[in-house]
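S.K.: The structure is given below, and queries will be raised subsequently.
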Amino acid sequence: MNNIILGLKFVFSYFSILPVSFKKDDDISRKEVLNYTVFFLPFVGLVLGSFTILLYSLLDSIPILAAIIATCVYFILYGFIHTEAILDVADAIYAKHSGKDAYKIIKEPTVGAIGVLYSIIFVVLKIAGFSYLLYHDYLLELVAILIISRLSVQFTIYFSRFKSPFVTMMSDSFKPKSFLTSIIFFGFLVFLFTNFSFLIFIPLAFLIALFITIFLKKALGFLNGDVLGFILESIEILLALGVCFYV
């Protein structure tokens with residue numbers, strides 16, 4: 001039980017800005033803890049999505065502005081950790097085109113103009129898509145998207161090899177039983193929130209994640225944690241656009 005609690009606390013401390021505290025003797029590097037850390041990743045989407053919807057509901061007197069504000073707060077709730085990945089990945093791809101070391105560029109704390117421009121495009125598309133869903137009361141569909149995007153990150157962690165010690169530790173620790181249980185459990189939540197036909201977005205998101213992974217592996221020559229953020233942001237935008245046409 002302690003491993004489950006630590007895994008749950010660690011996933012929120014790393015993938016959100018929600019306040020989480022640890023004891024000095026808590027060992028979060030154990031495989032059992034990291035296994036549950038990855039397992040609970042979609043739960044982060046559920047919680048952050050619930051906060052986003054709650055904020056939108058509290059500001060329902062100004063629905064259009066409320067949708068934009070709530071979407072922006074969602075970025076803040078996960079600390080822009082996935083959005084930042086877009087800058088790094090875009091910079092690294094263009095750096096490799098000019099003959100530079102992509103891995104060295106992606107690890108640098110500074111970013112170039114190309115990365116900033118790409119991140120602006122992603123942010124604008126995401127604010128537009130999510131605001132549309134909120135304004136038209138596709139609230140549970142939005143939460144389902146946030147769950148599915150993180151299931152896709154699980155999928156990528158489970159099936160890919162990374163040039164990142166931390167992500168490699170998570171990948172090696174994530175058990176097949178945990179991955180299958182996660183798909184069944186969180187897939188059932190997606191079904192409860194939406195409908196049976198909406199479940200098609202789960203394999204679709206896995207397929208998108210696979211194509212993006214292959215593309216980035218070829219473009220960069222490696223995979224790291226930034227790739228996971230790029231995948232999450234891409235899938236959330238594409239699924240939001242898909243829902244806009246689908247529902």
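We label chains A, B, ... in the order they appear in the structure tokens, count residues from 1 in each chain, and number ligands from 1 in the order shown.
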Pick out the residues sitting within 9 Å of segment 37-45 of chain A, and hand them over as a JSON list (two decimals) with all heavy atoms, in the first residue's frame; count only C-alpha atoms, and ignore anything fewer than 6 positions along from it in its own chain.
M.R.:
```json
[["chain", "number", "residue", "atom", "x", "y", "z"],
["A", 4, "ILE", "N", 1.90, 2.23, -3.45],
["A", 4, "ILE", "CA", 0.80, 2.83, -4.21],
["A", 4, "ILE", "C", 0.67, 4.31, -3.85],
["A", 4, "ILE", "O", 0.55, 5.17, -4.73],
["A", 4, "ILE", "CB", -0.52, 2.09, -3.92],
["A", 4, "ILE", "CG1", -0.44, 0.65, -4.42],
["A", 4, "ILE", "CG2", -1.69, 2.81, -4.58],
["A", 4, "ILE", "CD1", -1.67, -0.18, -4.09],
["A", 6, "LEU", "N", 2.95, 6.28, -2.49],
["A", 6, "LEU", "CA", 4.12, 7.03, -2.97],
["A", 6, "LEU", "C", 4.05, 7.27, -4.47],
["A", 6, "LEU", "O", 4.40, 8.35, -4.96],
["A", 6, "LEU", "CB", 5.40, 6.27, -2.61],
["A", 6, "LEU", "CG", 5.86, 6.33, -1.16],
["A", 6, "LEU", "CD1", 7.11, 5.48, -0.95],
["A", 6, "LEU", "CD2", 6.14, 7.78, -0.73],
["A", 7, "GLY", "N", 3.62, 6.25, -5.21],
["A", 7, "GLY", "CA", 3.48, 6.41, -6.66],
["A", 7, "GLY", "C", 2.46, 7.47, -7.01],
["A", 7, "GLY", "O", 2.68, 8.29, -7.92],
["A", 8, "LEU", "N", 1.34, 7.49, -6.28],
["A", 8, "LEU", "CA", 0.30, 8.48, -6.51],
["A", 8, "LEU", "C", 0.80, 9.89, -6.18],
["A", 8, "LEU", "O", 0.56, 10.85, -6.93],
["A", 8, "LEU", "CB", -0.93, 8.15, -5.67],
["A", 8, "LEU", "CG", -2.15, 9.05, -5.82],
["A", 8, "LEU", "CD1", -2.66, 9.04, -7.26],
["A", 8, "LEU", "CD2", -3.26, 8.61, -4.87],
["A", 9, "LYS", "N", 1.53, 10.01, -5.08],
["A", 9, "LYS", "CA", 2.06, 11.31, -4.69],
["A", 9, "LYS", "C", 3.13, 11.79, -5.67],
["A", 9, "LYS", "O", 3.16, 12.97, -6.05],
["A", 9, "LYS", "CB", 2.65, 11.23, -3.27],
["A", 9, "LYS", "CG", 1.60, 11.06, -2.17],
["A", 9, "LYS", "CD", 2.24, 10.75, -0.83],
["A", 9, "LYS", "CE", 3.12, 11.88, -0.33],
["A", 9, "LYS", "NZ", 3.67, 11.60, 1.02],
["A", 10, "PHE", "N", 3.97, 10.86, -6.11],
["A", 10, "PHE", "CA", 5.06, 11.24, -7.00],
["A", 10, "PHE", "C", 4.55, 11.70, -8.36],
["A", 10, "PHE", "O", 5.07, 12.67, -8.94],
["A", 10, "PHE", "CB", 6.04, 10.07, -7.16],
["A", 10, "PHE", "CG", 7.26, 10.41, -7.95],
["A", 10, "PHE", "CD1", 7.91, 11.63, -7.78],
["A", 10, "PHE", "CD2", 7.80, 9.52, -8.86],
["A", 10, "PHE", "CE1", 9.04, 11.95, -8.51],
["A", 10, "PHE", "CE2", 8.94, 9.83, -9.59],
["A", 10, "PHE", "CZ", 9.56, 11.05, -9.42],
["A", 11, "VAL", "N", 3.51, 11.03, -8.88],
["A", 11, "VAL", "CA", 3.01, 11.41, -10.20],
["A", 11, "VAL", "C", 2.41, 12.81, -10.18],
["A", 11, "VAL", "O", 2.54, 13.58, -11.14],
["A", 11, "VAL", "CB", 1.99, 10.37, -10.73],
["A", 11, "VAL", "CG1", 0.65, 10.49, -10.03],
["A", 11, "VAL", "CG2", 1.82, 10.51, -12.23],
["A", 12, "PHE", "N", 1.79, 13.19, -9.05],
["A", 12, "PHE", "CA", 1.23, 14.54, -8.95],
["A", 12, "PHE", "C", 2.32, 15.57, -8.69],
["A", 12, "PHE", "O", 2.23, 16.71, -9.15],
["A", 12, "PHE", "CB", 0.16, 14.59, -7.85],
["A", 12, "PHE", "CG", -1.20, 14.17, -8.32],
["A", 12, "PHE", "CD1", -1.66, 12.89, -8.07],
["A", 12, "PHE", "CD2", -2.00, 15.04, -9.03],
["A", 12, "PHE", "CE1", -2.91, 12.48, -8.52],
["A", 12, "PHE", "CE2", -3.25, 14.65, -9.49],
["A", 12, "PHE", "CZ", -3.71, 13.37, -9.23],
["A", 15, "PHE", "N", 4.11, 15.76, -12.36],
["A", 15, "PHE", "CA", 3.34, 16.13, -13.55],
["A", 15, "PHE", "C", 2.25, 17.16, -13.26],
["A", 15, "PHE", "O", 1.35, 17.35, -14.09],
["A", 15, "PHE", "CB", 2.71, 14.88, -14.19],
["A", 15, "PHE", "CG", 3.72, 13.94, -14.76],
["A", 15, "PHE", "CD1", 4.09, 12.80, -14.07],
["A", 15, "PHE", "CD2", 4.31, 14.19, -15.99],
["A", 15, "PHE", "CE1", 5.03, 11.92, -14.60],
["A", 15, "PHE", "CE2", 5.26, 13.33, -16.52],
["A", 15, "PHE", "CZ", 5.61, 12.17, -15.83],
["A", 16, "SER", "N", 2.31, 17.80, -12.11],
["A", 16, "SER", "CA", 1.37, 18.88, -11.81],
["A", 16, "SER", "C", 2.02, 19.81, -10.79],
["A", 16, "SER", "O", 3.10, 19.51, -10.27],
["A", 16, "SER", "CB", 0.06, 18.32, -11.24],
["A", 16, "SER", "OG", 0.17, 17.99, -9.87],
["A", 78, "TYR", "N", -0.44, 21.93, -14.84],
["A", 78, "TYR", "CA", 0.63, 20.96, -15.04],
["A", 78, "TYR", "C", 1.98, 21.64, -15.23],
["A", 78, "TYR", "O", 2.95, 21.04, -15.70],
["A", 78, "TYR", "CB", 0.32, 19.97, -16.18],
["A", 78, "TYR", "CG", 0.14, 20.53, -17.57],
["A", 78, "TYR", "CD1", 1.23, 20.94, -18.32],
["A", 78, "TYR", "CD2", -1.12, 20.57, -18.17],
["A", 78, "TYR", "CE1", 1.08, 21.40, -19.61],
["A", 78, "TYR", "CE2", -1.30, 21.02, -19.46],
["A", 78, "TYR", "CZ", -0.19, 21.43, -20.19],
["A", 78, "TYR", "OH", -0.34, 21.89, -21.48],
["A", 143, "VAL", "N", -12.52, 15.97, -20.28],
["A", 143, "VAL", "CA", -11.83, 15.16, -19.28],
["A", 143, "VAL", "C", -11.37, 13.84, -19.89],
["A", 143, "VAL", "O", -10.26, 13.37, -19.61],
["A", 143, "VAL", "CB", -12.76, 14.90, -18.07],
["A", 143, "VAL", "CG1", -12.08, 13.96, -17.07],
["A", 143, "VAL", "CG2", -13.13, 16.20, -17.38],
["A", 144, "ALA", "N", -12.21, 13.25, -20.73],
["A", 144, "ALA", "CA", -11.85, 12.00, -21.39],
["A", 144, "ALA", "C", -10.60, 12.18, -22.25],
["A", 144, "ALA", "O", -9.72, 11.30, -22.29],
["A", 144, "ALA", "CB", -13.01, 11.50, -22.25],
["A", 145, "ILE", "N", -10.49, 13.31, -22.92],
["A", 145, "ILE", "CA", -9.31, 13.60, -23.75],
["A", 145, "ILE", "C", -8.06, 13.67, -22.88],
["A", 145, "ILE", "O", -7.00, 13.13, -23.25],
["A", 145, "ILE", "CB", -9.50, 14.93, -24.51],
["A", 145, "ILE", "CG1", -10.53, 14.76, -25.63],
["A", 145, "ILE", "CG2", -8.17, 15.41, -25.10],
["A", 145, "ILE", "CD1", -10.91, 16.05, -26.32],
["A", 146, "LEU", "N", -8.17, 14.31, -21.71],
["A", 146, "LEU", "CA", -7.01, 14.43, -20.83],
["A", 146, "LEU", "C", -6.58, 13.08, -20.28],
["A", 146, "LEU", "O", -5.39, 12.85, -20.02],
["A", 146, "LEU", "CB", -7.33, 15.40, -19.68],
["A", 146, "LEU", "CG", -7.82, 16.80, -20.07],
["A", 146, "LEU", "CD1", -7.88, 17.70, -18.86],
["A", 146, "LEU", "CD2", -6.93, 17.40, -21.14],
["A", 147, "ILE", "N", -7.53, 12.18, -20.09],
["A", 147, "ILE", "CA", -7.21, 10.82, -19.66],
["A", 147, "ILE", "C", -6.52, 10.05, -20.79],
["A", 147, "ILE", "O", -5.49, 9.41, -20.61],
["A", 147, "ILE", "CB", -8.47, 10.08, -19.20],
["A", 147, "ILE", "CG1", -9.02, 10.69, -17.91],
["A", 147, "ILE", "CG2", -8.19, 8.59, -18.99],
["A", 147, "ILE", "CD1", -10.35, 10.12, -17.47],
["A", 148, "ILE", "N", -7.11, 10.14, -21.99],
["A", 148, "ILE", "CA", -6.60, 9.38, -23.14],
["A", 148, "ILE", "C", -5.19, 9.85, -23.52],
["A", 148, "ILE", "O", -4.33, 9.03, -23.88],
["A", 148, "ILE", "CB", -7.56, 9.52, -24.33],
["A", 148, "ILE", "CG1", -8.89, 8.82, -24.02],
["A", 148, "ILE", "CG2", -6.95, 8.92, -25.60],
["A", 148, "ILE", "CD1", -9.97, 9.05, -25.06],
["A", 149, "SER", "N", -4.95, 11.15, -23.45],
["A", 149, "SER", "CA", -3.61, 11.66, -23.82],
["A", 149, "SER", "C", -2.54, 11.07, -22.92],
["A", 149, "SER", "O", -1.43, 10.75, -23.36],
["A", 149, "SER", "CB", -3.58, 13.18, -23.76],
["A", 149, "SER", "OG", -3.76, 13.66, -22.43],
["A", 150, "ARG", "N", -2.87, 10.88, -21.66],
["A", 150, "ARG", "CA", -1.90, 10.33, -20.71],
["A", 150, "ARG", "C", -1.81, 8.80, -20.82],
["A", 150, "ARG", "O", -0.77, 8.22, -20.52],
["A", 150, "ARG", "CB", -2.24, 10.79, -19.30],
["A", 150, "ARG", "CG", -1.87, 12.27, -19.10],
["A", 150, "ARG", "CD", -2.57, 12.91, -17.93],
["A", 150, "ARG", "NE", -2.08, 14.28, -17.72],
["A", 150, "ARG", "CZ", -2.53, 15.34, -18.42],
["A", 150, "ARG", "NH1", -3.46, 15.17, -19.35],
["A", 150, "ARG", "NH2", -2.04, 16.54, -18.19],
["A", 151, "LEU", "N", -2.89, 8.17, -21.26],
["A", 151, "LEU", "CA", -2.80, 6.74, -21.60],
["A", 151, "LEU", "C", -1.83, 6.56, -22.76],
["A", 151, "LEU", "O", -1.09, 5.58, -22.81],
["A", 151, "LEU", "CB", -4.18, 6.20, -21.98],
["A", 151, "LEU", "CG", -5.14, 5.81, -20.86],
["A", 151, "LEU", "CD1", -6.51, 5.45, -21.42],
["A", 151, "LEU", "CD2", -4.58, 4.65, -20.04],
["A", 153, "VAL", "N", 0.75, 8.43, -23.39],
["A", 153, "VAL", "CA", 2.11, 8.56, -22.84],
["A", 153, "VAL", "C", 2.52, 7.24, -22.19],
["A", 153, "VAL", "O", 3.67, 6.80, -22.34],
["A", 153, "VAL", "CB", 2.16, 9.72, -21.82],
["A", 153, "VAL", "CG1", 3.51, 9.73, -21.10],
["A", 153, "VAL", "CG2", 1.95, 11.06, -22.53],
["A", 154, "GLN", "N", 1.60, 6.62, -21.47],
["A", 154, "GLN", "CA", 1.86, 5.28, -20.91],
["A", 154, "GLN", "C", 2.27, 4.32, -22.03],
["A", 154, "GLN", "O", 3.23, 3.57, -21.89],
["A", 154, "GLN", "CB", 0.62, 4.73, -20.21],
["A", 154, "GLN", "CG", 0.38, 5.19, -18.81],
["A", 154, "GLN", "CD", -0.77, 4.44, -18.17],
["A", 154, "GLN", "OE1", -1.53, 3.74, -18.85],
["A", 154, "GLN", "NE2", -0.93, 4.59, -16.88],
["A", 157, "ILE", "N", 5.75, 5.06, -23.19],
["A", 157, "ILE", "CA", 6.73, 4.65, -22.17],
["A", 157, "ILE", "C", 6.92, 3.14, -22.18],
["A", 157, "ILE", "O", 8.04, 2.62, -22.08],
["A", 157, "ILE", "CB", 6.29, 5.12, -20.77],
["A", 157, "ILE", "CG1", 6.40, 6.64, -20.65],
["A", 157, "ILE", "CG2", 7.12, 4.44, -19.68],
["A", 157, "ILE", "CD1", 5.86, 7.20, -19.36],
["A", 170, "MET", "N", 11.36, 4.43, -15.53],
["A", 170, "MET", "CA", 9.91, 4.28, -15.53],
["A", 170, "MET", "C", 9.47, 3.17, -16.49],
["A", 170, "MET", "O", 8.59, 2.37, -16.18],
["A", 170, "MET", "CB", 9.23, 5.60, -15.89],
["A", 170, "MET", "CG", 9.36, 6.68, -14.84],
["A", 170, "MET", "SD", 8.14, 8.01, -15.05],
["A", 170, "MET", "CE", 8.64, 8.65, -16.65],
["A", 171, "SER", "N", 10.11, 3.15, -17.67],
["A", 171, "SER", "CA", 9.76, 2.14, -18.66],
["A", 171, "SER", "C", 10.07, 0.74, -18.16],
["A", 171, "SER", "O", 9.27, -0.19, -18.31],
["A", 171, "SER", "CB", 10.53, 2.42, -19.96],
["A", 171, "SER", "OG", 10.25, 1.44, -20.93],
["A", 173, "SER", "N", 10.21, -0.18, -15.12],
["A", 173, "SER", "CA", 9.43, -0.48, -13.92],
["A", 173, "SER", "C", 7.96, -0.74, -14.21],
["A", 173, "SER", "O", 7.26, -1.38, -13.41],
["A", 173, "SER", "CB", 9.53, 0.68, -12.92],
["A", 173, "SER", "OG", 10.87, 0.94, -12.57],
["A", 174, "PHE", "N", 7.47, -0.24, -15.34],
["A", 174, "PHE", "CA", 6.05, -0.33, -15.67],
["A", 174, "PHE", "C", 5.71, -1.75, -16.12],
["A", 174, "PHE", "O", 6.12, -2.21, -17.17],
["A", 174, "PHE", "CB", 5.69, 0.68, -16.75],
["A", 174, "PHE", "CG", 4.22, 0.92, -16.90],
["A", 174, "PHE", "CD1", 3.37, 0.90, -15.82],
["A", 174, "PHE", "CD2", 3.68, 1.18, -18.16],
["A", 174, "PHE", "CE1", 2.01, 1.13, -15.97],
["A", 174, "PHE", "CE2", 2.33, 1.41, -18.32],
["A", 174, "PHE", "CZ", 1.49, 1.38, -17.22],
["A", 178, "SER", "N", 0.09, -3.88, -15.04],
["A", 178, "SER", "CA", -0.31, -2.52, -14.68],
["A", 178, "SER", "C", -0.80, -1.76, -15.91],
["A", 178, "SER", "O", -1.78, -1.01, -15.86],
["A", 178, "SER", "CB", 0.86, -1.76, -14.04],
["A", 178, "SER", "OG", 1.26, -2.37, -12.84],
["A", 179, "PHE", "N", -0.12, -1.93, -17.04],
["A", 179, "PHE", "CA", -0.51, -1.26, -18.28],
["A", 179, "PHE", "C", -1.89, -1.73, -18.73],
["A", 179, "PHE", "O", -2.75, -0.92, -19.09],
["A", 179, "PHE", "CB", 0.54, -1.54, -19.36],
["A", 179, "PHE", "CG", 0.27, -0.84, -20.66],
["A", 179, "PHE", "CD1", -0.20, 0.47, -20.70],
["A", 179, "PHE", "CD2", 0.51, -1.49, -21.86],
["A", 179, "PHE", "CE1", -0.43, 1.11, -21.90],
["A", 179, "PHE", "CE2", 0.27, -0.85, -23.07],
["A", 179, "PHE", "CZ", -0.21, 0.45, -23.09],
["A", 181, "THR", "N", -4.23, -3.15, -16.86],
["A", 181, "THR", "CA", -5.22, -2.69, -15.88],
["A", 181, "THR", "C", -5.55, -1.23, -16.07],
["A", 181, "THR", "O", -6.71, -0.81, -15.96],
["A", 181, "THR", "CB", -4.69, -2.91, -14.44],
["A", 181, "THR", "OG1", -4.37, -4.29, -14.26],
["A", 181, "THR", "CG2", -5.74, -2.51, -13.41],
["A", 182, "SER", "N", -4.55, -0.43, -16.39],
["A", 182, "SER", "CA", -4.75, 1.00, -16.61],
["A", 182, "SER", "C", -5.67, 1.24, -17.80],
["A", 182, "SER", "O", -6.58, 2.07, -17.74],
["A", 182, "SER", "CB", -3.41, 1.70, -16.82],
["A", 182, "SER", "OG", -3.59, 3.08, -17.07],
["A", 186, "PHE", "N", -9.18, 2.99, -16.86],
["A", 186, "PHE", "CA", -9.39, 4.35, -17.35],
["A", 186, "PHE", "C", -10.22, 4.36, -18.63],
["A", 186, "PHE", "O", -10.91, 5.34, -18.91],
["A", 186, "PHE", "CB", -8.05, 5.06, -17.54],
["A", 186, "PHE", "CG", -7.35, 5.37, -16.25],
["A", 186, "PHE", "CD1", -6.24, 4.66, -15.85],
["A", 186, "PHE", "CD2", -7.83, 6.38, -15.41],
["A", 186, "PHE", "CE1", -5.61, 4.93, -14.65],
["A", 186, "PHE", "CE2", -7.20, 6.66, -14.21],
["A", 186, "PHE", "CZ", -6.09, 5.94, -13.83]]
```
S.K.: Counting only C-alpha atoms, which residues of segment 56-114 of chain A fall within 8 Å of segment 213-222 of chain A, and what is the closest atom pair for each with its distance in Å at one decimal, ordered by chain and rising number, as a Markdown table?
M.R.:
```
| residue | atom | partner | partner_atom | distance |
| --- | --- | --- | --- | --- |
| A:Ala92 | CA | A:Leu220 | CA | 7.0 |
| A:Ile93 | CA | A:Leu220 | CA | 5.8 |
| A:Lys96 | CA | A:Leu220 | CA | 7.1 |
| A:Ala102 | CA | A:Leu220 | CA | 6.2 |
| A:Tyr103 | CA | A:Leu220 | CA | 7.7 |
```
S.K.: Taking only C-alpha atoms into account, which of A:Phe130, A:Tyr135, A:Phe230, A:Phe162 comes nearest Gly115 of chain A?
M.R.: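 Looking at the shortest contact to Gly115 of chain A, the residue is A:Phe230.
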S.K.: Select, from A:Ile28, A:Ile53, A:Leu87, A:Val227, the residue with the minimum atom-to-atom distance to Ile121 of chain A, counting only C-alpha atoms.
M.R.: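 Ranking A:Ile28, A:Ile53, A:Leu87, A:Val227 by distance to Ile121 of chain A, first place goes to A:Leu87.
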S.K.: What are the DSSP alpha helix (DSSP H) residues of segment 23-215 of chain A, as a PyMOL selection string?
M.R.: chain A and resi 31-39+41-58+63-77+81-97+102-107+113-135+139-159+165-173+176-193+201-215
S.K.: Just give me the gap between atom CA of Leu34 of chain A and atom CA of Asp226 of chain A in Å, one decimal is fine.
M.R.: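 Straight-line distance from atom CA of Leu34 of chain A to atom CA of Asp226 of chain A works out to 18.3 Å.
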S.K.: Please indicate the distance in Å from atom CA of Thr71 of chain A to atom CA of Ile17 of chain A, rounded to one decimal place.
M.R.: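 The value is 15.4 Å.
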S.K.: Between A:Glu141, A:Phe51, A:Leu65, A:Cys72, which has the minimum distance to Leu199 of chain A (counting only C-alpha atoms)?
M.R.: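 When distances to Leu199 of chain A are compared using only C-alpha atoms, the smallest one comes from A:Glu141.
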S.K.: I need the residue nearest Asp88 of chain A from this list: A:Tyr118, A:Tyr138, A:Phe75, A:Phe166. Use only C-alpha atoms for the distance.
M.R.: A:Tyr118
S.K.: Between atom CA of Val20 of chain A and atom CA of Leu180 of chain A, what is the spacing in Å?
M.R.: 27.3 Å
S.K.: Would you list the contacts of Pro63 of chain A as a compact mmCIF listing (two decimals) with all heavy atoms, in the first residue's frame, taking every protein, DNA or RNA residue within 12 Å and counting only C-alpha atoms, but skipping same-chain residues closer than 3 positions in sequence?
M.R.:
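File produced: out32.txt:
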```txt
# COMPACT_ATOMS: atom_id res chain seq x y z
N ILE A 53 -12.83 22.16 -15.26
CA ILE A 53 -14.29 22.26 -15.40
C ILE A 53 -14.91 23.03 -14.25
O ILE A 53 -15.83 23.83 -14.44
CB ILE A 53 -14.90 20.84 -15.50
CG1 ILE A 53 -14.49 20.19 -16.82
CG2 ILE A 53 -16.42 20.90 -15.39
CD1 ILE A 53 -14.93 18.76 -16.96
N LEU A 55 -13.54 25.41 -12.47
CA LEU A 55 -13.27 26.83 -12.67
C LEU A 55 -14.18 27.41 -13.74
O LEU A 55 -14.72 28.52 -13.57
CB LEU A 55 -11.80 27.03 -13.07
CG LEU A 55 -11.38 28.48 -13.36
CD1 LEU A 55 -11.60 29.37 -12.14
CD2 LEU A 55 -9.92 28.53 -13.80
N TYR A 56 -14.36 26.69 -14.82
CA TYR A 56 -15.25 27.15 -15.89
C TYR A 56 -16.67 27.32 -15.37
O TYR A 56 -17.35 28.31 -15.69
CB TYR A 56 -15.23 26.17 -17.05
CG TYR A 56 -16.24 26.50 -18.12
CD1 TYR A 56 -16.06 27.59 -18.96
CD2 TYR A 56 -17.39 25.71 -18.30
CE1 TYR A 56 -17.00 27.90 -19.94
CE2 TYR A 56 -18.32 26.01 -19.26
CZ TYR A 56 -18.12 27.11 -20.08
OH TYR A 56 -19.05 27.42 -21.05
N SER A 57 -17.11 26.39 -14.54
CA SER A 57 -18.47 26.45 -13.99
C SER A 57 -18.64 27.65 -13.05
O SER A 57 -19.70 28.27 -13.01
CB SER A 57 -18.80 25.16 -13.24
OG SER A 57 -18.71 24.04 -14.12
N LEU A 58 -17.59 27.96 -12.30
CA LEU A 58 -17.66 29.09 -11.37
C LEU A 58 -17.72 30.43 -12.10
O LEU A 58 -18.21 31.42 -11.56
CB LEU A 58 -16.44 29.07 -10.44
CG LEU A 58 -16.38 27.91 -9.44
CD1 LEU A 58 -15.06 27.94 -8.67
CD2 LEU A 58 -17.56 27.96 -8.47
N LEU A 59 -17.22 30.44 -13.34
CA LEU A 59 -17.20 31.68 -14.12
C LEU A 59 -18.24 31.65 -15.25
O LEU A 59 -18.07 32.31 -16.27
CB LEU A 59 -15.80 31.89 -14.72
CG LEU A 59 -14.64 32.01 -13.73
CD1 LEU A 59 -13.31 32.07 -14.47
CD2 LEU A 59 -14.81 33.25 -12.85
N ASP A 60 -19.31 30.88 -15.05
CA ASP A 60 -20.27 30.67 -16.13
C ASP A 60 -21.03 31.93 -16.55
O ASP A 60 -21.72 31.94 -17.57
CB ASP A 60 -21.27 29.58 -15.76
CG ASP A 60 -22.07 29.91 -14.51
OD1 ASP A 60 -21.79 30.94 -13.87
OD2 ASP A 60 -22.98 29.14 -14.16
N ALA A 66 -14.60 32.67 -19.72
CA ALA A 66 -14.39 31.60 -18.74
C ALA A 66 -13.72 30.40 -19.38
O ALA A 66 -12.84 29.77 -18.78
CB ALA A 66 -15.73 31.19 -18.13
N ALA A 67 -14.12 30.07 -20.60
CA ALA A 67 -13.53 28.93 -21.30
C ALA A 67 -12.04 29.18 -21.57
O ALA A 67 -11.21 28.27 -21.40
CB ALA A 67 -14.27 28.70 -22.61
N ILE A 68 -11.70 30.40 -21.97
CA ILE A 68 -10.30 30.73 -22.24
C ILE A 68 -9.49 30.72 -20.95
O ILE A 68 -8.38 30.17 -20.89
CB ILE A 68 -10.20 32.11 -22.91
CG1 ILE A 68 -10.89 32.09 -24.28
CG2 ILE A 68 -8.74 32.55 -23.06
CD1 ILE A 68 -10.99 33.44 -24.95
N ILE A 69 -10.05 31.31 -19.89
CA ILE A 69 -9.35 31.35 -18.60
C ILE A 69 -9.12 29.94 -18.07
O ILE A 69 -8.01 29.60 -17.62
CB ILE A 69 -10.13 32.19 -17.58
CG1 ILE A 69 -10.15 33.66 -17.99
CG2 ILE A 69 -9.54 32.03 -16.18
CD1 ILE A 69 -11.05 34.53 -17.13
N ALA A 70 -10.15 29.11 -18.10
CA ALA A 70 -10.04 27.75 -17.58
C ALA A 70 -9.00 26.94 -18.35
O ALA A 70 -8.23 26.17 -17.76
CB ALA A 70 -11.41 27.06 -17.66
N SER A 131 -11.28 25.65 -25.46
CA SER A 131 -12.30 26.67 -25.18
C SER A 131 -13.60 26.35 -25.91
O SER A 131 -14.69 26.55 -25.38
CB SER A 131 -11.78 28.05 -25.60
OG SER A 131 -10.66 28.43 -24.83
N TYR A 132 -13.47 25.85 -27.13
CA TYR A 132 -14.66 25.46 -27.89
C TYR A 132 -15.42 24.36 -27.17
O TYR A 132 -16.65 24.40 -27.05
CB TYR A 132 -14.25 25.00 -29.29
CG TYR A 132 -15.40 24.58 -30.17
CD1 TYR A 132 -16.01 25.49 -31.03
CD2 TYR A 132 -15.88 23.27 -30.15
CE1 TYR A 132 -17.07 25.11 -31.84
CE2 TYR A 132 -16.94 22.88 -30.95
CZ TYR A 132 -17.53 23.80 -31.79
OH TYR A 132 -18.59 23.42 -32.58
N LEU A 133 -14.68 23.36 -26.69
CA LEU A 133 -15.33 22.24 -25.98
C LEU A 133 -16.02 22.73 -24.71
O LEU A 133 -17.15 22.34 -24.41
CB LEU A 133 -14.29 21.17 -25.64
CG LEU A 133 -13.66 20.44 -26.83
CD1 LEU A 133 -12.64 19.41 -26.32
CD2 LEU A 133 -14.71 19.76 -27.68
N LEU A 134 -15.35 23.58 -23.94
CA LEU A 134 -15.95 24.08 -22.70
C LEU A 134 -17.17 24.94 -22.99
O LEU A 134 -18.22 24.78 -22.35
CB LEU A 134 -14.90 24.89 -21.93
CG LEU A 134 -13.75 24.11 -21.29
CD1 LEU A 134 -12.68 25.06 -20.77
CD2 LEU A 134 -14.27 23.23 -20.15
N TYR A 135 -17.05 25.83 -23.94
CA TYR A 135 -18.14 26.76 -24.25
C TYR A 135 -19.38 26.02 -24.74
O TYR A 135 -20.51 26.44 -24.48
CB TYR A 135 -17.69 27.77 -25.31
CG TYR A 135 -18.75 28.77 -25.68
CD1 TYR A 135 -19.15 29.75 -24.78
CD2 TYR A 135 -19.35 28.74 -26.94
CE1 TYR A 135 -20.14 30.68 -25.11
CE2 TYR A 135 -20.32 29.66 -27.28
CZ TYR A 135 -20.71 30.62 -26.36
OH TYR A 135 -21.69 31.53 -26.70
N HIS A 136 -19.19 24.89 -25.43
CA HIS A 136 -20.32 24.11 -25.93
C HIS A 136 -20.67 22.96 -25.00
O HIS A 136 -21.38 22.03 -25.40
CB HIS A 136 -20.02 23.60 -27.34
CG HIS A 136 -20.01 24.67 -28.39
ND1 HIS A 136 -18.89 25.44 -28.66
CD2 HIS A 136 -20.99 25.13 -29.21
CE1 HIS A 136 -19.17 26.30 -29.62
NE2 HIS A 136 -20.43 26.14 -29.97
N ASP A 137 -20.18 23.04 -23.77
CA ASP A 137 -20.54 22.09 -22.71
C ASP A 137 -20.14 20.64 -23.00
O ASP A 137 -20.80 19.70 -22.55
CB ASP A 137 -22.04 22.15 -22.41
CG ASP A 137 -22.42 23.43 -21.69
OD1 ASP A 137 -21.58 23.96 -20.94
OD2 ASP A 137 -23.54 23.92 -21.89
```
S.K.: Between A:Val123, A:Leu210, A:Val47, A:Ile235, which one has atoms that come closest to Leu18 of chain A, using only C-alpha atoms?
M.R.: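 Nearest to Leu18 of chain A: A:Val47.
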